[in-house]
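Next comes data-v8.txt, with compact mmCIF, C-alpha atoms and all ligand atoms.
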```txt
# COMPACT_ATOMS: atom_id res chain seq x y z
CA MET A 166 9.49 14.00 3.34
CA THR A 167 7.96 14.38 6.81
CA GLY A 168 4.63 12.53 6.53
CA PHE A 169 4.03 8.85 7.20
CA PHE A 170 2.90 6.53 4.41
CA VAL A 171 0.96 3.33 5.17
CA THR A 172 -0.36 0.96 2.51
CA PHE A 173 -2.96 -1.75 3.05
CA GLU A 174 -2.82 -4.94 1.04
CA GLY A 175 -4.68 -8.24 0.91
CA GLY A 176 -7.09 -10.29 -1.13
CA GLU A 177 -10.72 -9.66 -1.99
CA GLY A 178 -12.93 -9.32 1.09
CA SER A 179 -10.02 -8.99 3.51
CA GLY A 180 -11.55 -5.85 5.06
CA LYS A 181 -9.04 -3.22 3.90
CA THR A 182 -11.62 -0.48 3.50
CA THR A 183 -13.11 -1.08 6.97
CA GLN A 184 -9.70 -1.12 8.61
CA ILE A 185 -8.51 2.03 6.83
CA GLY A 186 -11.65 3.81 8.06
CA LEU A 187 -11.14 2.65 11.65
CA LEU A 188 -7.44 3.58 11.65
CA ALA A 189 -8.21 6.99 10.12
CA ASP A 190 -10.74 7.62 12.95
CA THR A 191 -8.20 6.60 15.62
CA LEU A 192 -5.45 8.78 14.16
CA ARG A 193 -7.72 11.80 13.63
CA ALA A 194 -8.96 11.50 17.24
CA ARG A 195 -5.29 11.89 18.27
CA GLY A 196 -4.90 15.02 16.16
CA THR A 197 -3.15 13.44 13.16
CA ASP A 198 -3.89 14.88 9.75
CA VAL A 199 -4.93 11.85 7.64
CA VAL A 200 -5.44 11.39 3.91
CA ALA A 201 -7.21 8.12 3.04
CA THR A 202 -6.96 7.08 -0.58
CA ARG A 203 -7.06 3.97 -2.79
CA GLU A 204 -5.69 2.32 -5.93
CA PRO A 205 -6.27 1.92 -8.76
CA GLY A 206 -7.52 5.51 -8.66
CA GLY A 207 -7.28 8.14 -5.94
CA SER A 208 -6.85 11.12 -8.31
CA PRO A 209 -8.97 12.27 -11.29
CA GLY A 210 -6.46 10.97 -13.85
CA ALA A 211 -6.03 7.64 -12.08
CA ASP A 212 -9.80 7.24 -11.63
CA ALA A 213 -10.26 7.47 -15.40
CA ILE A 214 -7.69 4.68 -15.83
CA ARG A 215 -9.34 2.65 -13.02
CA HIS A 216 -12.52 2.44 -15.04
CA ILE A 217 -10.65 1.11 -18.10
CA ILE A 218 -8.93 -1.58 -16.01
CA LEU A 219 -11.79 -2.80 -13.80
CA SER A 220 -14.39 -2.90 -16.57
CA GLY A 221 -12.20 -5.53 -18.21
CA ALA A 222 -11.71 -3.36 -21.31
CA ALA A 223 -7.92 -3.63 -20.94
CA GLU A 224 -7.84 -7.38 -20.36
CA ALA A 225 -7.55 -8.16 -24.07
CA LEU A 226 -4.40 -6.02 -24.25
CA GLY A 227 -2.57 -8.54 -22.05
CA PRO A 228 -1.00 -8.39 -18.57
CA GLU A 229 2.01 -6.28 -19.65
CA ALA A 230 -0.23 -3.51 -21.02
CA GLU A 231 -2.42 -3.75 -17.90
CA THR A 232 0.72 -3.35 -15.77
CA MET A 233 1.48 -0.14 -17.69
CA LEU A 234 -2.03 1.12 -16.98
CA PHE A 235 -1.69 0.45 -13.23
CA ALA A 236 1.67 2.24 -13.37
CA ALA A 237 0.23 5.23 -15.25
CA ALA A 238 -2.56 5.52 -12.67
CA ARG A 239 -0.02 5.27 -9.84
CA ILE A 240 2.22 7.96 -11.32
CA ASP A 241 -0.72 10.39 -11.40
CA HIS A 242 -1.90 9.37 -7.92
CA ILE A 243 1.57 9.89 -6.43
CA ALA A 244 2.06 13.25 -8.13
CA ALA A 245 -1.42 14.62 -7.44
CA VAL A 246 -2.17 13.22 -3.98
CA ILE A 247 0.42 11.12 -2.15
CA ARG A 248 3.63 13.14 -2.54
CA PRO A 249 2.02 16.54 -1.79
CA ALA A 250 0.32 15.10 1.32
CA LEU A 251 3.56 13.58 2.64
CA GLU A 252 5.47 16.78 1.91
CA ALA A 253 2.84 18.65 3.95
CA GLY A 254 3.48 16.26 6.86
CA GLN A 255 0.20 14.37 6.55
CA THR A 256 -0.29 10.66 7.18
CA VAL A 257 -1.38 8.82 4.02
CA LEU A 258 -3.37 5.57 4.24
CA CYS A 259 -3.60 3.91 0.83
CA ASP A 260 -5.83 0.95 -0.06
CA ARG A 261 -3.48 -1.13 -2.29
CA PHE A 262 -0.22 0.10 -3.82
CA HIS A 263 2.89 -1.43 -5.44
CA ASP A 264 2.62 -4.82 -3.69
CA SER A 265 -0.70 -5.40 -5.50
CA THR A 266 1.12 -5.01 -8.82
CA ARG A 267 3.86 -7.40 -7.72
CA VAL A 268 1.24 -9.97 -6.69
CA TYR A 269 -1.58 -9.61 -9.24
CA GLN A 270 0.45 -8.81 -12.36
CA GLY A 271 3.27 -11.11 -11.22
CA LEU A 272 0.85 -14.03 -11.03
CA ALA A 273 -0.66 -12.99 -14.36
CA GLY A 274 2.73 -13.86 -15.85
CA VAL A 275 4.50 -10.50 -16.19
CA ASP A 276 8.28 -10.94 -16.04
CA THR A 277 9.75 -10.08 -12.63
CA GLY A 278 12.55 -7.98 -14.16
CA MET A 279 9.99 -5.92 -16.05
CA LEU A 280 7.88 -5.48 -12.90
CA ASP A 281 10.94 -4.34 -10.91
CA THR A 282 11.93 -1.82 -13.59
CA ILE A 283 8.42 -0.39 -13.88
CA GLU A 284 8.08 -0.25 -10.08
CA ALA A 285 11.33 1.69 -9.64
CA ALA A 286 10.39 4.16 -12.38
CA THR A 287 6.84 4.61 -11.08
CA LEU A 288 7.62 5.04 -7.40
CA ASP A 289 10.78 7.09 -7.92
CA GLY A 290 11.82 6.39 -4.32
CA LEU A 291 8.41 6.83 -2.76
CA TYR A 292 8.07 3.48 -0.98
CA PRO A 293 5.60 3.02 1.90
CA ASP A 294 6.98 3.41 5.44
CA MET A 295 4.72 0.56 6.49
CA THR A 296 2.45 -2.02 4.80
CA VAL A 297 -0.40 -3.77 6.59
CA ILE A 298 -1.23 -7.10 4.96
CA LEU A 299 -4.70 -8.34 5.87
CA ASP A 300 -4.46 -12.10 5.64
CA ILE A 301 -7.55 -14.25 5.17
CA PRO A 302 -8.14 -17.66 3.51
CA ALA A 303 -9.18 -16.99 -0.09
CA ALA A 304 -12.51 -18.87 0.17
CA GLU A 305 -13.53 -16.84 3.23
CA GLY A 306 -12.53 -13.53 1.62
CA LEU A 307 -14.42 -14.32 -1.57
CA LYS A 308 -17.53 -15.22 0.46
CA ARG A 309 -17.35 -11.81 2.17
CA ALA A 310 -16.72 -9.96 -1.12
CA THR A 311 -19.74 -11.66 -2.73
CA ALA A 312 -21.99 -10.79 0.23
CA ARG A 313 -20.78 -7.16 0.18
CA ARG A 314 -21.33 -6.82 -3.56
CA GLY A 315 -25.01 -7.88 -3.41
CA GLN A 316 -26.60 -7.42 -6.84
CA GLU A 317 -23.59 -5.61 -8.36
CA THR A 318 -21.57 -7.56 -10.95
CA ALA A 319 -18.11 -8.83 -9.99
CA ASP A 320 -15.15 -6.83 -11.33
CA ARG A 321 -12.53 -8.31 -13.64
CA PHE A 322 -10.41 -9.63 -10.74
CA GLU A 323 -13.21 -10.88 -8.45
CA ARG A 324 -14.43 -13.24 -11.21
CA GLU A 325 -11.30 -15.39 -11.00
CA GLY A 326 -11.10 -18.78 -9.28
CA VAL A 327 -10.33 -19.53 -5.63
CA ALA A 328 -6.97 -21.21 -6.45
CA LEU A 329 -5.66 -17.98 -7.99
CA HIS A 330 -6.88 -15.97 -4.99
CA GLU A 331 -5.07 -18.40 -2.68
CA ALA A 332 -1.89 -18.03 -4.78
CA ARG A 333 -2.15 -14.24 -4.33
CA ARG A 334 -2.48 -14.72 -0.59
CA GLU A 335 0.74 -16.77 -0.59
CA ALA A 336 2.47 -14.12 -2.72
CA PHE A 337 1.57 -11.36 -0.22
CA LEU A 338 2.90 -13.51 2.63
CA LYS A 339 6.13 -14.05 0.67
CA ILE A 340 6.60 -10.28 0.33
CA ALA A 341 6.01 -9.91 4.08
CA ALA A 342 8.60 -12.58 4.84
CA ALA A 343 11.12 -10.84 2.57
CA GLU A 344 10.48 -7.38 4.05
CA PRO A 345 9.60 -7.87 7.72
CA GLY A 346 10.69 -4.33 8.64
CA ARG A 347 8.04 -2.81 6.38
CA CYS A 348 5.24 -5.38 6.46
CA LEU A 349 2.83 -6.26 9.24
CA VAL A 350 0.73 -9.39 8.63
CA VAL A 351 -2.60 -9.34 10.45
CA ASP A 352 -5.04 -12.24 10.79
CA ALA A 353 -8.10 -10.72 9.10
CA ALA A 354 -10.52 -13.54 9.91
CA ARG A 355 -11.30 -11.97 13.32
CA PRO A 356 -13.79 -9.34 14.51
CA PRO A 357 -13.00 -5.92 12.94
CA ASP A 358 -12.46 -4.08 16.26
CA GLU A 359 -9.91 -6.68 17.39
CA ILE A 360 -8.01 -6.31 14.11
CA ALA A 361 -8.25 -2.51 14.34
CA LYS A 362 -6.65 -2.48 17.81
CA GLU A 363 -3.71 -4.56 16.64
CA ILE A 364 -3.16 -2.36 13.59
CA ALA A 365 -3.43 0.88 15.58
CA PHE A 366 -0.89 -0.37 18.13
CA HIS A 367 1.72 -1.15 15.47
CA VAL A 368 1.07 1.92 13.31
CA LEU A 369 1.29 4.30 16.29
CA ASP A 370 4.54 2.64 17.35
CA ALA A 371 6.01 2.95 13.84
CA MET A 372 4.86 6.59 13.57
CA GLU A 373 6.60 7.42 16.85
CA ARG A 374 9.83 5.83 15.63
CA HIS A 375 9.50 7.74 12.36
CA ARG A 376 9.01 10.99 14.30
CA LEU A 377 12.05 10.38 16.50
CA ALA A 378 14.22 9.54 13.47
CA GLN A 379 13.06 12.79 11.88
CA VAL A 380 13.96 14.78 15.03
CA GLY A 381 17.39 13.11 15.02
CA ARG A 382 17.96 14.07 11.39
CA ASN A 383 16.87 17.67 12.01
CA VAL A 384 19.19 18.01 15.01
CA ALA A 385 22.13 16.51 13.05
CA SER A 386 21.59 18.87 10.13
CA ALA A 387 21.43 21.88 12.48
CA LEU A 388 24.83 21.12 14.05
CA PRO A 389 27.61 23.43 12.78
CA VAL A 390 30.08 20.49 12.61
CA LYS A 391 28.90 16.94 11.91
CA PRO A 392 29.75 14.58 14.82
CA ALA A 393 31.64 12.15 12.54
CA ALA A 394 33.72 14.97 11.02
CA ALA A 395 34.56 16.35 14.46
CA THR A 396 35.78 12.93 15.67
CA ALA A 397 37.89 12.44 12.53
CA ALA A 398 39.48 15.89 12.94
CA LYS A 399 40.34 15.17 16.58
CA ALA A 400 41.90 11.79 15.68
CA ALA A 401 44.05 13.41 12.96
CA SER A 402 45.42 16.15 15.27
P1 LIG A 501 -11.13 -2.73 -6.08
O1 LIG A 501 -12.55 -2.60 -6.52
O2 LIG A 501 -10.44 -1.48 -5.66
O3 LIG A 501 -11.11 -3.88 -5.06
P2 LIG A 501 -10.43 -4.25 -3.69
O4 LIG A 501 -11.49 -3.99 -2.70
O5 LIG A 501 -10.13 -5.70 -3.87
O6 LIG A 501 -9.18 -3.44 -3.50
O7 LIG A 501 -10.37 -3.45 -7.26
C1 LIG A 501 -9.05 -3.36 -7.47
C2 LIG A 501 -8.61 -4.61 -8.20
O8 LIG A 501 -7.45 -4.32 -8.98
C3 LIG A 501 -8.24 -5.72 -7.24
O9 LIG A 501 -8.81 -6.93 -7.65
C4 LIG A 501 -6.76 -5.81 -7.34
C5 LIG A 501 -6.43 -5.25 -8.69
N1 LIG A 501 -5.12 -4.56 -8.74
C6 LIG A 501 -4.11 -5.09 -9.53
O10 LIG A 501 -4.30 -6.12 -10.18
N2 LIG A 501 -2.90 -4.44 -9.57
C7 LIG A 501 -2.67 -3.29 -8.88
O11 LIG A 501 -1.55 -2.72 -8.96
C8 LIG A 501 -3.74 -2.75 -8.09
C9 LIG A 501 -3.53 -1.48 -7.33
C10 LIG A 501 -4.94 -3.43 -8.05
```
Before anything else, please render the file you have as structure tokens.
Ligand code: TYD
Amino acid sequence: MTGFFVTFEGGEGSGKTTQIGLLADTLRARGTDVVATREPGGSPGADAIRHIILSGAAEALGPEAETMLFAAARIDHIAAVIRPALEAGQTVLCDRFHDSTRVYQGLAGVDTGMLDTIEAATLDGLYPDMTVILDIPAAEGLKRATARRGQETADRFEREGVALHEARREAFLKIAAAEPGRCLVVDAARPPDEIAKEIAFHVLDAMERHRLAQVGRNVASALPVKPAAATAAKAAS
């Protein structure tokens, strides 16, 4: 897989969509081929499932069944959009991915073992290279989400109370603390251009390291004798 895969996570009103747009502009201006997508949805099959979930129609089925629906949507999204883009060397920016399931469905009471099993089966090794977590106090994020929505009705998840949104914020920060190599936590309560600069700096740095690692792997695989094997043969003679 040669492309670079970045996911964006955070609570309601944390500015993910704005930041994905700004990062996509920056990367495209530098000649990078970018695919911006989102979950739940991002492919025709997953978009059909998105409607079932966000309308609240699946809520009565319980959090385990909802987890299965998010997984089904993700399987289609990966197969139809994400994997082909990465195989073609493109950079994929995805608004929400597996961490949202860990946080939202985890806090809805789904057993951690079940979540881990479903995650492994759904992703089949396709984990993000980098995850940007936009961190904002829940009350502030909800205020922004309400203002943005205007007259539209709140979706199934936006209707929930501020305490639950704050618990989700803590859960995202816990993931970041457990996986510091993958996750970048950004203070999202600042002006968008300031946040965008910080994200671009870290993403460009990570993409360069990814590129160099790729070059290293290509050179190693092109060598007639692997360096480790050559050293072992010399030591044995
Ligand atoms: P969306 O309208 O895409 O909102 P947002 O701007 O917050 O991303 O709604 C997606 C909702 O679905 C959001 O509240 C989070 C929730 N969700 C889960 O519960 N689990 C998941 O795995 C994903 C991807 C999203």
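Atom pair CA of Glu323 (chain A) / atom O9 of ligand LIG 501 (chain A) has a distance of 6.0 Å (rounded to one decimal).
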Please return as a PDB file with C-alpha atoms, in the coordinates of the input the residues found within 7 Å of ligand LIG 501 (chain A), counting only C-alpha atoms and all ligand atoms.
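After the write, pocket-v5.pdb holds the following:
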```pdb
ATOM      1  CA  GLY A 176      -7.090 -10.290  -1.130  1.00  0.00           C
ATOM      2  CA  GLU A 177     -10.720  -9.660  -1.990  1.00  0.00           C
ATOM      3  CA  GLY A 178     -12.930  -9.320   1.090  1.00  0.00           C
ATOM      4  CA  GLU A 204      -5.690   2.320  -5.930  1.00  0.00           C
ATOM      5  CA  PRO A 205      -6.270   1.920  -8.760  1.00  0.00           C
ATOM      6  CA  LEU A 219     -11.790  -2.800 -13.800  1.00  0.00           C
ATOM      7  CA  PHE A 235      -1.690   0.450 -13.230  1.00  0.00           C
ATOM      8  CA  ASP A 260      -5.830   0.950  -0.060  1.00  0.00           C
ATOM      9  CA  ARG A 261      -3.480  -1.130  -2.290  1.00  0.00           C
ATOM     10  CA  PHE A 262      -0.220   0.100  -3.820  1.00  0.00           C
ATOM     11  CA  HIS A 263       2.890  -1.430  -5.440  1.00  0.00           C
ATOM     12  CA  SER A 265      -0.700  -5.400  -5.500  1.00  0.00           C
ATOM     13  CA  THR A 266       1.120  -5.010  -8.820  1.00  0.00           C
ATOM     14  CA  TYR A 269      -1.580  -9.610  -9.240  1.00  0.00           C
ATOM     15  CA  GLN A 270       0.450  -8.810 -12.360  1.00  0.00           C
ATOM     16  CA  ASP A 320     -15.150  -6.830 -11.330  1.00  0.00           C
ATOM     17  CA  PHE A 322     -10.410  -9.630 -10.740  1.00  0.00           C
ATOM     18  CA  GLU A 323     -13.210 -10.880  -8.450  1.00  0.00           C
TER      19      GLU A 323
END
```
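For the pair CA of Ala385 (chain A) and CA of Asp289 (chain A), the interatomic distance is 25.6 Å.
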Practice problem: Might you pull out every residue within 12 Å of region 273-281 of chain A, with all atoms listed in the file counted and same-chain residues fewer than 6 positions away left off, and present them as a PyMOL selection string? | Solution: chain A and resi 224+227-233+235-236+263-267+287-289+322+325+329-330+332-333
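Proximity to Ala310 (chain A) at 12 Å, evaluated using all atoms listed in the file and with sequence-adjacent residues fewer than 5 positions away removed, yields A:Gly176, A:Glu177, A:Gly178, A:Ser179, A:Gly180, A:Lys181, A:Thr182, A:Ile301, A:Ala303, A:Ala304, A:Glu305, A:Gly315, A:Gln316, A:Glu317, A:Thr318, A:Ala319, A:Asp320, A:Phe322, A:Glu323, A:Arg324.
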Exercise. Would you list the contacts of Gln255 (chain A) as JSON, numbers by chain, taking every protein, DNA or RNA residue within 8 Å and counting all atoms listed in the file, but skipping same-chain residues closer than 5 positions in sequence?
Key: {"A": [167, 168, 169, 197, 198, 199, 200, 250]}
Self-check item: Sphere at (-6.2, -10.9, 11.0), radius 7 Å, counting only C-alpha atoms: residues as a PyMOL selection string
Solution: chain A and resi 299-301+351-355+360
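Among the candidates A:Val327, A:Val350, A:Val257, A:Leu388, the residue lying nearest to Leu192 (chain A) is A:Val257 (atoms considered: all atoms listed in the file).
A straight line drawn from CA of Ile283 (chain A) to CA of Val368 (chain A) is 28.3 Å long.
Nearest to Ala213 (chain A) of all the residues A:Leu234, A:Ala343, A:Leu272, A:Ala201 is A:Leu234, based on all atoms listed in the file.
Proximity of A:Leu258, A:Glu335, A:Thr202, A:Lys308 to Ala189 (chain A), computed with all atoms listed in the file, is greatest for A:Leu258.
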